[in-house]
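Content type compact mmCIF, C-alpha atoms and all ligand atoms, from the file start_19.txt:
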```txt
# COMPACT_ATOMS: atom_id res chain seq x y z
CA MET A 1 17.28 -38.24 2.69
CA SER A 2 14.48 -35.84 1.93
CA ILE A 3 14.65 -32.08 2.06
CA HIS A 4 13.29 -30.02 4.93
CA SER A 5 11.11 -27.70 2.89
CA LYS A 6 9.03 -26.18 5.67
CA LEU A 7 11.44 -23.26 5.85
CA ILE A 8 11.16 -22.50 2.13
CA SER A 9 8.41 -20.05 1.13
CA ASP A 10 5.71 -21.02 -1.39
CA ASN A 11 5.81 -17.50 -2.79
CA PRO A 12 8.66 -16.43 -5.12
CA GLN A 13 7.99 -12.80 -4.09
CA ASP A 14 9.44 -13.69 -0.66
CA ARG A 15 12.77 -14.38 -2.39
CA ILE A 16 12.77 -11.00 -4.17
CA PRO A 17 14.86 -8.36 -2.35
CA SER A 18 12.78 -5.32 -1.38
CA GLU A 19 15.04 -3.14 -3.58
CA MET A 20 13.93 -5.16 -6.62
CA LYS A 21 10.18 -5.07 -5.95
CA ALA A 22 9.50 -1.61 -7.43
CA ALA A 23 11.69 -2.42 -10.46
CA LEU A 24 9.40 -5.32 -11.37
CA GLU A 25 6.61 -2.86 -12.15
CA ARG A 26 8.72 -0.57 -14.33
CA SER A 27 7.91 -0.38 -18.03
CA ASP A 28 11.64 -0.34 -18.93
CA LEU A 29 12.30 -3.60 -17.04
CA PHE A 30 14.68 -5.79 -19.05
CA ILE A 31 15.29 -9.36 -17.87
CA ASP A 32 18.31 -11.44 -18.89
CA VAL A 33 17.61 -14.95 -17.57
CA HIS A 34 21.08 -16.30 -18.36
CA ALA A 35 24.35 -14.72 -17.21
CA HIS A 36 27.44 -15.85 -15.32
CA VAL A 37 29.76 -14.08 -12.91
CA PHE A 38 32.09 -16.91 -11.80
CA ASN A 39 35.84 -16.76 -12.45
CA TYR A 40 38.95 -18.96 -12.34
CA GLU A 41 38.75 -19.29 -8.56
CA ASP A 42 35.43 -21.10 -8.85
CA VAL A 43 36.39 -23.86 -11.30
CA PRO A 44 38.81 -26.79 -11.13
CA ASP A 45 41.96 -26.43 -13.18
CA GLY A 46 40.73 -29.03 -15.70
CA PHE A 47 38.07 -26.57 -16.96
CA LEU A 48 37.85 -26.17 -20.78
CA GLY A 49 40.10 -29.19 -21.08
CA ILE A 50 43.20 -27.18 -20.26
CA ARG A 51 45.46 -29.33 -18.15
CA LEU A 52 47.70 -26.58 -16.79
CA PRO A 53 46.72 -24.89 -13.54
CA PHE A 54 44.62 -21.77 -13.88
CA ASN A 55 46.92 -19.61 -11.86
CA GLN A 56 47.34 -15.93 -12.57
CA ARG A 57 50.63 -16.38 -14.41
CA PHE A 58 49.37 -19.00 -16.82
CA LEU A 59 46.27 -16.99 -17.65
CA TYR A 60 48.34 -13.86 -18.16
CA LEU A 61 50.58 -15.68 -20.64
CA THR A 62 47.62 -17.17 -22.52
CA GLU A 63 46.11 -13.75 -22.93
CA ARG A 64 49.38 -12.23 -24.23
CA VAL A 65 50.01 -15.08 -26.66
CA LEU A 66 46.49 -14.87 -28.04
CA HIS A 67 46.86 -11.14 -28.63
CA ARG A 68 50.23 -11.56 -30.30
CA ILE A 69 48.97 -14.15 -32.79
CA ILE A 70 46.69 -11.60 -34.38
CA GLY A 71 48.56 -8.36 -33.80
CA SER A 72 46.58 -5.28 -34.66
CA SER A 73 43.05 -6.61 -35.26
CA ASP A 74 40.73 -6.95 -32.30
CA ARG A 75 37.52 -8.18 -33.88
CA ASP A 76 38.75 -11.65 -34.60
CA PHE A 77 38.29 -14.97 -32.85
CA PHE A 78 41.58 -14.96 -30.96
CA SER A 79 41.12 -11.47 -29.57
CA SER A 80 37.62 -12.38 -28.43
CA LEU A 81 39.02 -15.44 -26.71
CA ALA A 82 41.70 -13.27 -25.11
CA TYR A 83 38.99 -10.88 -23.94
CA PHE A 84 37.11 -13.83 -22.43
CA VAL A 85 40.25 -14.96 -20.61
CA GLN A 86 40.58 -11.46 -19.21
CA PHE A 87 37.18 -11.77 -17.53
CA PHE A 88 37.97 -15.20 -16.28
CA ARG A 89 41.38 -14.22 -14.93
CA LYS A 90 41.04 -10.68 -13.63
CA ARG A 91 37.49 -9.82 -12.83
CA SER A 92 35.90 -10.56 -9.53
CA SER A 93 32.27 -11.67 -9.65
CA ILE A 94 31.23 -8.21 -8.50
CA GLU A 95 33.22 -6.54 -11.29
CA THR A 96 31.66 -8.82 -13.90
CA ALA A 97 28.17 -8.03 -12.58
CA GLU A 98 29.04 -4.32 -12.66
CA LYS A 99 30.21 -4.60 -16.27
CA LEU A 100 26.99 -6.32 -17.32
CA THR A 101 24.77 -3.69 -15.68
CA GLY A 102 26.93 -1.04 -17.41
CA TYR A 103 25.74 -2.35 -20.79
CA HIS A 104 22.13 -1.64 -19.76
CA LYS A 105 22.13 2.04 -18.81
CA ASP A 106 19.00 2.68 -20.94
CA VAL A 107 16.80 0.11 -19.12
CA HIS A 108 16.34 -1.40 -15.69
CA LEU A 109 18.28 -4.66 -15.88
CA LEU A 110 17.40 -7.69 -13.81
CA PHE A 111 19.54 -10.76 -14.43
CA CYS A 112 19.73 -14.36 -13.27
CA ALA A 113 23.28 -15.17 -12.17
CA LEU A 114 23.70 -18.87 -12.91
CA MET A 115 26.18 -20.67 -10.69
CA MET A 116 28.25 -23.66 -11.82
CA ASP A 117 29.33 -26.50 -9.55
CA MET A 118 32.23 -28.08 -11.44
CA GLU A 119 33.90 -29.37 -8.32
CA ARG A 120 32.48 -32.90 -8.72
CA GLY A 121 32.53 -33.39 -12.48
CA ILE A 122 35.85 -31.84 -13.45
CA LYS A 123 39.23 -33.00 -12.23
CA GLY A 124 41.79 -30.79 -10.61
CA LYS A 125 42.30 -28.40 -7.77
CA ILE A 126 39.87 -25.61 -7.03
CA ILE A 127 40.59 -22.39 -5.14
CA ASP A 128 37.10 -21.70 -3.81
CA PRO A 129 35.00 -24.82 -3.18
CA TYR A 130 31.30 -24.66 -4.00
CA SER A 131 30.31 -23.87 -0.40
CA GLN A 132 32.53 -20.77 -0.67
CA GLN A 133 30.99 -19.83 -4.02
CA ILE A 134 27.60 -19.73 -2.30
CA GLU A 135 28.96 -17.05 0.05
CA LYS A 136 30.46 -15.11 -2.86
CA MET A 137 27.19 -15.25 -4.78
CA LYS A 138 25.35 -13.93 -1.76
CA ALA A 139 27.82 -11.02 -1.67
CA VAL A 140 27.12 -10.25 -5.35
CA ARG A 141 23.38 -10.27 -4.73
CA ASP A 142 23.78 -8.07 -1.64
CA LYS A 143 25.80 -5.60 -3.72
CA PHE A 144 23.14 -5.47 -6.51
CA PRO A 145 19.87 -6.32 -4.73
CA GLU A 146 17.84 -4.45 -7.37
CA ALA A 147 19.37 -6.47 -10.24
CA VAL A 148 20.59 -9.98 -9.33
CA LEU A 149 18.66 -13.23 -8.87
CA PRO A 150 21.07 -16.04 -7.88
CA PHE A 151 20.56 -19.52 -9.37
CA PHE A 152 21.94 -22.31 -7.19
CA ALA A 153 23.93 -25.01 -9.06
CA ALA A 154 22.59 -28.45 -8.11
CA ASP A 155 24.93 -31.38 -8.76
CA PRO A 156 23.68 -34.72 -7.37
CA ASN A 157 27.31 -35.74 -6.81
CA ASN A 158 27.71 -32.94 -4.26
CA PRO A 159 27.56 -34.86 -0.95
CA ALA A 160 26.15 -31.74 0.76
CA LEU A 161 23.61 -31.02 -2.00
CA HIS A 162 20.50 -31.08 0.14
CA GLU A 163 22.04 -29.09 3.01
CA ASP A 164 23.46 -26.50 0.59
CA PHE A 165 20.05 -26.22 -1.06
CA GLU A 166 18.19 -25.81 2.24
CA ARG A 167 20.66 -23.18 3.43
CA SER A 168 20.39 -21.21 0.16
CA PHE A 169 16.58 -21.10 0.10
CA SER A 170 15.51 -21.11 3.74
CA THR A 171 13.52 -18.11 4.94
CA ALA A 172 15.40 -18.50 8.23
CA GLY A 173 18.69 -17.41 6.62
CA ASP A 174 19.54 -14.35 4.58
CA TYR A 175 20.61 -16.13 1.37
CA ARG A 176 17.19 -16.24 -0.33
CA PHE A 177 18.54 -17.60 -3.61
CA PHE A 178 16.00 -17.63 -6.40
CA GLY A 179 16.40 -20.48 -8.87
CA VAL A 180 18.25 -23.72 -9.63
CA LYS A 181 20.82 -24.38 -12.39
CA ILE A 182 21.45 -27.82 -13.90
CA TYR A 183 24.34 -28.83 -16.21
CA PRO A 184 23.86 -32.54 -17.07
CA SER A 185 27.06 -33.09 -19.09
CA LEU A 186 28.99 -32.62 -15.84
CA GLY A 187 27.99 -36.25 -15.37
CA TYR A 188 24.38 -36.77 -14.26
CA LEU A 189 20.91 -37.29 -15.70
CA PRO A 190 18.10 -34.78 -15.01
CA SER A 191 15.99 -37.49 -13.35
CA ASN A 192 18.72 -38.52 -10.90
CA PRO A 193 16.84 -39.37 -7.65
CA ARG A 194 18.71 -36.75 -5.60
CA LEU A 195 17.78 -34.10 -8.15
CA MET A 196 14.17 -35.31 -8.20
CA ASP A 197 14.04 -34.52 -4.45
CA ILE A 198 15.14 -30.97 -5.30
CA PHE A 199 12.70 -30.65 -8.23
CA ARG A 200 9.74 -31.76 -6.10
CA VAL A 201 10.49 -28.88 -3.74
CA CYS A 202 10.97 -26.52 -6.73
CA GLY A 203 7.56 -27.54 -8.11
CA GLU A 204 5.89 -27.03 -4.75
CA LYS A 205 7.61 -23.72 -3.95
CA LYS A 206 7.54 -22.30 -7.51
CA ILE A 207 11.35 -22.19 -7.75
CA PRO A 208 12.38 -21.89 -11.45
CA VAL A 209 14.96 -24.31 -12.90
CA THR A 210 17.32 -23.54 -15.79
CA ALA A 211 19.11 -26.42 -17.52
CA HIS A 212 21.91 -26.31 -20.06
CA CYS A 213 20.46 -27.81 -23.26
CA SER A 214 23.08 -27.62 -25.98
CA GLY A 215 26.42 -29.24 -26.86
CA ALA A 216 28.81 -30.36 -24.16
CA THR A 217 31.06 -27.27 -24.14
CA VAL A 218 31.66 -28.11 -20.51
CA HIS A 219 31.64 -31.82 -19.64
CA ALA A 220 32.81 -34.22 -16.96
CA SER A 221 36.46 -35.28 -17.06
CA ALA A 222 35.52 -38.97 -16.77
CA ARG A 223 35.19 -41.05 -19.92
CA THR A 224 33.57 -44.04 -18.26
CA PHE A 225 30.58 -43.89 -15.95
CA ARG A 226 29.24 -46.76 -13.83
CA ASN A 227 25.63 -47.20 -12.67
CA ILE A 228 24.26 -43.86 -13.84
CA GLU A 229 20.96 -43.30 -12.05
CA GLY A 230 17.79 -41.88 -13.58
CA TRP A 231 15.85 -42.27 -16.83
CA HIS A 232 17.91 -42.57 -19.98
CA TYR A 233 17.00 -43.24 -23.58
CA THR A 234 18.44 -45.87 -25.89
CA GLU A 235 17.80 -45.87 -29.65
CA GLY A 236 15.39 -48.69 -30.48
CA GLU A 237 14.66 -49.45 -26.83
CA GLY A 238 13.17 -46.22 -25.50
CA PHE A 239 13.31 -45.00 -21.90
CA SER A 240 14.60 -47.08 -19.02
CA ASN A 241 15.57 -46.28 -15.43
CA ARG A 242 17.81 -49.27 -14.92
CA PRO A 243 21.24 -47.97 -13.79
CA VAL A 244 23.46 -47.93 -16.86
CA ASN A 245 27.18 -47.75 -17.72
CA LEU A 246 28.52 -45.36 -20.33
CA ASN A 247 31.77 -45.26 -22.30
CA ILE A 248 32.50 -41.96 -24.01
CA LYS A 249 34.13 -42.21 -27.44
CA LYS A 250 33.76 -38.63 -28.68
CA ARG A 251 32.75 -35.32 -27.11
CA SER A 252 29.29 -35.34 -28.65
CA ASP A 253 28.54 -38.54 -26.68
CA TYR A 254 28.40 -36.44 -23.49
CA ALA A 255 25.83 -34.13 -25.06
CA VAL A 256 23.66 -36.85 -26.59
CA PHE A 257 23.52 -38.96 -23.43
CA PHE A 258 23.27 -36.23 -20.76
CA ASN A 259 22.01 -32.98 -22.36
CA HIS A 260 19.33 -34.23 -24.78
CA PRO A 261 15.99 -32.45 -24.15
CA ARG A 262 14.13 -35.80 -24.05
CA ASN A 263 15.84 -36.55 -20.69
CA TRP A 264 13.48 -33.97 -19.15
CA GLU A 265 10.27 -35.76 -20.15
CA PRO A 266 10.25 -38.15 -17.16
CA VAL A 267 10.93 -35.17 -14.86
CA LEU A 268 8.12 -33.04 -16.30
CA ASP A 269 5.71 -35.99 -16.29
CA ALA A 270 6.40 -36.60 -12.60
CA ILE A 271 6.29 -32.91 -11.60
CA PRO A 272 3.92 -31.07 -13.95
CA GLY A 273 4.13 -27.84 -11.90
CA LEU A 274 7.90 -27.54 -12.41
CA LYS A 275 8.93 -24.31 -14.20
CA LEU A 276 11.80 -25.29 -16.48
CA ASN A 277 13.95 -23.33 -18.93
CA LEU A 278 15.87 -25.39 -21.50
CA ALA A 279 18.76 -23.02 -22.11
CA HIS A 280 20.23 -22.19 -25.56
CA PHE A 281 17.18 -23.70 -27.37
CA GLY A 282 19.27 -26.74 -28.28
CA GLY A 283 22.36 -24.75 -29.26
CA GLU A 284 24.24 -23.85 -32.41
CA GLY A 285 24.89 -27.29 -33.87
CA GLU A 286 21.19 -28.14 -33.75
CA TRP A 287 20.20 -24.73 -35.16
CA ALA A 288 22.58 -25.26 -38.08
CA LYS A 289 20.70 -28.49 -38.91
CA HIS A 290 17.33 -26.85 -38.26
CA ILE A 291 17.82 -24.00 -40.72
CA GLN A 292 18.88 -26.51 -43.39
CA GLY A 293 15.42 -28.05 -43.10
CA ASN A 294 16.32 -31.06 -40.97
CA LYS A 295 13.16 -32.00 -39.06
CA ASP A 296 14.86 -34.25 -36.51
CA THR A 297 16.76 -31.80 -34.31
CA TRP A 298 16.74 -30.73 -30.67
CA VAL A 299 15.05 -27.55 -31.90
CA SER A 300 11.99 -29.46 -33.12
CA TYR A 301 12.17 -31.72 -30.07
CA ILE A 302 11.98 -28.70 -27.76
CA LEU A 303 9.12 -27.26 -29.85
CA SER A 304 7.08 -30.42 -29.31
CA LEU A 305 7.89 -30.43 -25.57
CA LEU A 306 6.67 -26.81 -25.35
CA GLU A 307 3.33 -27.92 -26.77
CA ASN A 308 2.98 -30.67 -24.17
CA TYR A 309 4.26 -28.91 -21.04
CA PRO A 310 2.77 -25.48 -20.22
CA ASN A 311 5.46 -24.58 -17.65
CA LEU A 312 8.34 -25.17 -20.04
CA TYR A 313 10.41 -22.29 -21.48
CA THR A 314 13.53 -21.98 -23.62
CA ASP A 315 16.16 -19.24 -23.74
CA PHE A 316 18.21 -18.23 -26.78
CA SER A 317 21.34 -17.36 -24.84
CA TYR A 318 24.70 -17.74 -26.60
CA THR A 319 22.90 -18.93 -29.75
CA LEU A 320 21.87 -15.27 -30.28
CA HIS A 321 25.35 -14.34 -31.50
CA ASN A 322 24.40 -15.79 -34.90
CA GLY A 323 22.37 -13.34 -37.04
CA GLN A 324 21.07 -16.09 -39.33
CA TYR A 325 19.59 -18.09 -36.45
CA ASN A 326 18.12 -14.91 -34.99
CA GLU A 327 16.22 -14.23 -38.21
CA VAL A 328 14.79 -17.74 -38.27
CA LEU A 329 13.83 -17.44 -34.61
CA LYS A 330 12.07 -14.14 -35.32
CA THR A 331 9.96 -15.70 -38.09
CA MET A 332 9.10 -18.61 -35.80
CA LEU A 333 8.07 -16.22 -33.01
CA GLU A 334 5.84 -14.28 -35.40
CA GLN A 335 4.20 -17.44 -36.68
CA HIS A 336 3.68 -19.42 -33.47
CA GLU A 337 1.82 -17.74 -30.66
CA LEU A 338 2.65 -20.56 -28.28
CA LEU A 339 6.37 -20.13 -28.95
CA SER A 340 6.31 -16.35 -28.56
CA GLY A 341 4.88 -16.90 -25.08
CA ARG A 342 7.73 -19.25 -24.03
CA VAL A 343 11.00 -17.93 -25.40
CA LEU A 344 13.17 -16.04 -22.89
CA TYR A 345 15.87 -13.47 -23.51
CA GLY A 346 19.24 -14.63 -22.20
CA SER A 347 22.70 -13.49 -23.18
CA ASP A 348 25.08 -16.04 -21.64
CA TYR A 349 27.28 -13.13 -20.63
CA TYR A 350 30.34 -13.35 -20.41
CA MET A 351 30.68 -16.76 -22.13
CA VAL A 352 29.34 -15.15 -25.29
CA VAL A 353 32.10 -12.52 -25.54
CA ARG A 354 34.11 -15.29 -27.23
CA GLU A 355 31.89 -14.59 -30.25
CA GLY A 356 32.36 -10.82 -30.46
CA HIS A 357 31.73 -7.50 -28.77
CA PHE A 358 28.89 -7.80 -26.29
CA ARG A 359 27.42 -4.37 -26.96
CA SER A 360 27.00 -5.08 -30.67
CA LEU A 361 25.79 -8.68 -30.22
CA LYS A 362 23.09 -7.47 -27.86
CA ALA A 363 22.13 -4.42 -29.94
CA GLY A 364 21.97 -6.52 -33.12
CA PHE A 365 19.60 -9.02 -31.52
CA ILE A 366 17.35 -6.36 -29.94
CA SER A 367 16.99 -4.29 -33.10
CA LEU A 368 16.25 -7.36 -35.22
CA MET A 369 13.55 -8.62 -32.83
CA GLY A 370 11.90 -5.23 -32.46
CA ALA A 371 10.12 -3.68 -29.48
CA ASP A 372 7.00 -5.91 -29.44
CA LEU A 373 8.85 -9.23 -29.44
CA MET A 374 11.46 -7.92 -26.97
CA LYS A 375 8.69 -6.92 -24.57
CA LYS A 376 7.49 -10.52 -24.63
CA ILE A 377 10.83 -12.30 -24.36
CA ALA A 378 12.69 -9.89 -22.05
CA GLN A 379 9.78 -8.86 -19.83
CA GLU A 380 6.45 -10.70 -19.93
CA ASN A 381 7.69 -14.28 -20.43
CA PRO A 382 10.58 -14.10 -17.93
CA LYS A 383 8.26 -12.57 -15.32
CA ARG A 384 5.92 -15.55 -15.72
CA PHE A 385 8.87 -18.01 -15.59
CA LEU A 386 10.39 -16.39 -12.51
CA LEU A 387 7.35 -15.30 -10.51
CA GLY A 388 4.41 -17.34 -11.83
ZN ZN B 1 25.55 -20.33 -19.71
```

Let me see the file written as structure tokens.
Amino acid sequence: MSIHSKLISDNPQDRIPSEMKAALERSDLFIDVHAHVFNYEDVPDGFLGIRLPFNQRFLYLTERVLHRIIGSSDRDFFSSLAYFVQFFRKRSSIETAEKLTGYHKDVHLLFCALMMDMERGIKGKIIDPYSQQIEKMKAVRDKFPEAVLPFFAADPNNPALHEDFERSFSTAGDYRFFGVKIYPSLGYLPSNPRLMDIFRVCGEKKIPVTAHCSGATVHASARTFRNIEGWHYTEGEGFSNRPVNLNIKKRSDYAVFFNHPRNWEPVLDAIPGLKLNLAHFGGEGEWAKHIQGNKDTWVSYILSLLENYPNLYTDFSYTLHNGQYNEVLKTMLEQHELLSGRVLYGSDYYMVVREGHFRSLKAGFISLMGADLMKKIAQENPKRFLLG
């Protein structure tokens, strides 16, 4: 089935709420291309590998136990995890969005709210199915029309994918979502034919796509996959689009097979106009290897892709909690003009609160980068990615 794209505008400005239009011209505009507002109602109870149901009582107990382990301190790992659970358990999407805007009183914040469709990949019961999440996301956007750009989660295993997509982007409705979010380790390849149908429309209509490109923090529950569609890469053999089976032996197998940046090459070759953001710039594990001088990492892979594909971007969300990586990134941005035109500011709020206090993580990153680089990565580059 192909997508009815006649009702989707060619102009991203038509998907910008009128309340946001003036903000786009402001000199204090600050764009965070990567944030989340979902909570426990939106994910199956197998999320994060925890087998117990994510009901209020269980989450309440987890939070208390985590606090008790550490006692008085609140800057440690367990307290941060407890703080994360608090968001996940208690806050509605609107409250989480409110909290994020509260951290940006000194600027005009605009953020991309990235949805997750875990209903297909992860086992277990879910309170609000994805179709319901679409309604909730619309409510968040309608509450903060000057600040929120919703990114629709596209999972090719969603039987209603194309209908959901049409509904969320059609000019006939009042959803007017803005971008598309992809999370391959939930069990699909970027060049899956059903996704390619979506990407062709995205290329044509200038809809930006953001894809998780890091370790498999979140991954499908399945350990065996049959007849995976799309282009995949095998060491020594190269690319092939013959349907393939996969047996997972360790968690990193999900990341290497599904999330590797090379999986996007066949997509970008087929749709050169596609605006794509490879999120997390490869992620922490790859940055650890990169700063040790390893030349064969996802970081260098993404760098070479940036040189070949002019509509490709990469955000430093989550990875920015690490001061050492930030310093290396800064040097790279100062040395490579091409790179400084393609890196995007993203926080990965509120996932990143597991790593420490958000206010200080953000402030540390901004002061290290300095005003000139921040203007590029939190204003000029994201504007080009979103509206170009
Ligand atoms: Zn994220």

- Query: Quick one: distance from CA of Cys112 in chain A to CA of Arg354 in chain A in Å, one decimal?
  - Reply: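 Interatomic distance, CA of Cys112 in chain A to CA of Arg354 in chain A: 20.1 Å.
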
- Which residue gives the smallest distance to Lys376 in chain A among A:Phe30, A:Tyr301, A:Trp264, A:Phe358, with all atoms listed in the file counted?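 Result for the nearest residue to Lys376 in chain A: A:Phe30.
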
- Item | Near-ligand residues for ligand ZN 1 (chain B), threshold 9 Å, all atoms listed in the file, as a PyMOL selection string | chain A and resi 34-36+114+116+212+279-280+317-318+346-352

- Message: If we draw a sphere of 12 Å around (16.9, -27.4, -36.6), which residues have at least one atom in it when counting all atoms listed in the file? Please report them as a VMD selection string.
- Response: chain A and resid 281 to 303 325 328 to 329 332

- Task: Counting all atoms listed in the file, figure out which residue out of A:Arg226, A:Lys362, A:His4, A:Lys143 gets nearest to His162 in chain A.
- Result: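 Residue with the minimum atom-to-atom distance to His162 in chain A: A:His4.
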
- Query: A:Leu246, A:Ala371, A:Ala153, A:Ala139: which is nearest Gly179 in chain A, counting all atoms listed in the file?
  - Reply: A:Ala153

- Task: Mind giving me the straight-line distance from CA of Ala23 in chain A to CA of Glu146 in chain A in Å, one decimal?
- Result: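 Here the two named atoms are 7.2 Å from each other.
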
Return as lines of an AutoDock Vina configuration file the centre and edge lengths, in Å with one decimal, of the box along x, y and z that encloses every atom of range 251-264 of chain A in the file, padded by 4 Å per side.
```
center_x = 23.1
center_y = -35.7
center_z = -23.9
size_x = 27.3
size_y = 14.5
size_z = 17.5
```

Would you mind listing what lies within 10 Å of Phe225 in chain A as a JSON list (two decimals) with C-alpha atoms, in the frame of the given file, with all atoms listed in the file counted and same-chain residues fewer than 4 positions away left out?
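In the end it all went to result-v4.json:
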```json
[["chain", "number", "residue", "atom", "x", "y", "z"],
["A", 187, "GLY", "CA", 27.99, -36.25, -15.37],
["A", 188, "TYR", "CA", 24.38, -36.77, -14.26],
["A", 220, "ALA", "CA", 32.81, -34.22, -16.96],
["A", 244, "VAL", "CA", 23.46, -47.93, -16.86],
["A", 245, "ASN", "CA", 27.18, -47.75, -17.72],
["A", 246, "LEU", "CA", 28.52, -45.36, -20.33],
["A", 247, "ASN", "CA", 31.77, -45.26, -22.30],
["A", 248, "ILE", "CA", 32.50, -41.96, -24.01]]
```

- Message: Could you list, as a count of residues only, every residue within 10 Å of Ser5 in chain A, counting only C-alpha atoms and ignoring same-chain residues fewer than 5 positions away?
- Response: 11

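Minimum distance to Phe111 in chain A across A:Asp174, A:Asp32, A:Glu19, A:Glu98 (counting only C-alpha atoms) occurs at A:Asp32.
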
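Atom pair CA of Met115 in chain A / CA of Lys181 in chain A: separated by 6.7 Å.
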
- Item | Non-local contacts of His108 in chain A (12 Å; only C-alpha atoms; under 3 positions in same chain excluded) as a list in words |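 Result of the neighbour search: Met20, Ala22, Ala23, Leu24, Glu25, Arg26, Ser27, Asp28, Leu29, Phe30, Ile31, Asp32, Leu100, Thr101, Gly102, Tyr103, His104, Lys105, Phe111, Glu146, Ala147, Val148, Ala378 and Gln379 of chain A.
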
Taking C-alpha atoms for each residue, export the selection above as an mmCIF file, keeping the file's coordinate frame.
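This went into part-v2.cif:
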```cif
data_model
loop_
_atom_site.group_PDB
_atom_site.id
_atom_site.type_symbol
_atom_site.label_atom_id
_atom_site.label_comp_id
_atom_site.auth_asym_id
_atom_site.auth_seq_id
_atom_site.Cartn_x
_atom_site.Cartn_y
_atom_site.Cartn_z
ATOM 1 C CA MET A 20 13.930 -5.160 -6.620
ATOM 2 C CA ALA A 22 9.500 -1.610 -7.430
ATOM 3 C CA ALA A 23 11.690 -2.420 -10.460
ATOM 4 C CA LEU A 24 9.400 -5.320 -11.370
ATOM 5 C CA GLU A 25 6.610 -2.860 -12.150
ATOM 6 C CA ARG A 26 8.720 -0.570 -14.330
ATOM 7 C CA SER A 27 7.910 -0.380 -18.030
ATOM 8 C CA ASP A 28 11.640 -0.340 -18.930
ATOM 9 C CA LEU A 29 12.300 -3.600 -17.040
ATOM 10 C CA PHE A 30 14.680 -5.790 -19.050
ATOM 11 C CA ILE A 31 15.290 -9.360 -17.870
ATOM 12 C CA ASP A 32 18.310 -11.440 -18.890
ATOM 13 C CA LEU A 100 26.990 -6.320 -17.320
ATOM 14 C CA THR A 101 24.770 -3.690 -15.680
ATOM 15 C CA GLY A 102 26.930 -1.040 -17.410
ATOM 16 C CA TYR A 103 25.740 -2.350 -20.790
ATOM 17 C CA HIS A 104 22.130 -1.640 -19.760
ATOM 18 C CA LYS A 105 22.130 2.040 -18.810
ATOM 19 C CA PHE A 111 19.540 -10.760 -14.430
ATOM 20 C CA GLU A 146 17.840 -4.450 -7.370
ATOM 21 C CA ALA A 147 19.370 -6.470 -10.240
ATOM 22 C CA VAL A 148 20.590 -9.980 -9.330
ATOM 23 C CA ALA A 378 12.690 -9.890 -22.050
ATOM 24 C CA GLN A 379 9.780 -8.860 -19.830
#
```

Once you've located range 328-351 of chain A in the structure I gave, write it as an mmCIF file, in the first residue's frame, keeping C-alpha atoms.
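To be explicit, this is the file written out as out-v6.cif:
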```
data_model
loop_
_atom_site.group_PDB
_atom_site.id
_atom_site.type_symbol
_atom_site.label_atom_id
_atom_site.label_comp_id
_atom_site.auth_asym_id
_atom_site.auth_seq_id
_atom_site.Cartn_x
_atom_site.Cartn_y
_atom_site.Cartn_z
ATOM 1 C CA VAL A 328 36.581 16.540 22.189
ATOM 2 C CA LEU A 329 33.402 17.494 20.340
ATOM 3 C CA LYS A 330 34.197 21.178 20.832
ATOM 4 C CA THR A 331 37.678 20.782 19.316
ATOM 5 C CA MET A 332 36.178 18.859 16.389
ATOM 6 C CA LEU A 333 33.570 21.589 15.822
ATOM 7 C CA GLU A 334 36.279 24.266 15.827
ATOM 8 C CA GLN A 335 38.414 22.334 13.374
ATOM 9 C CA HIS A 336 35.821 21.094 10.880
ATOM 10 C CA GLU A 337 33.558 23.645 9.290
ATOM 11 C CA LEU A 338 31.424 20.933 7.723
ATOM 12 C CA LEU A 339 30.814 19.352 11.125
ATOM 13 C CA SER A 340 29.969 22.638 12.845
ATOM 14 C CA GLY A 341 27.234 23.092 10.252
ATOM 15 C CA ARG A 342 25.651 19.674 10.978
ATOM 16 C CA VAL A 343 25.722 19.043 14.715
ATOM 17 C CA LEU A 344 22.433 19.683 16.534
ATOM 18 C CA TYR A 345 21.817 20.449 20.184
ATOM 19 C CA GLY A 346 19.668 17.797 21.838
ATOM 20 C CA SER A 347 19.338 16.939 25.500
ATOM 21 C CA ASP A 348 17.466 13.620 25.592
ATOM 22 C CA TYR A 349 15.435 15.030 28.460
ATOM 23 C CA TYR A 350 14.285 13.276 30.711
ATOM 24 C CA MET A 351 16.235 10.086 29.852
#
```
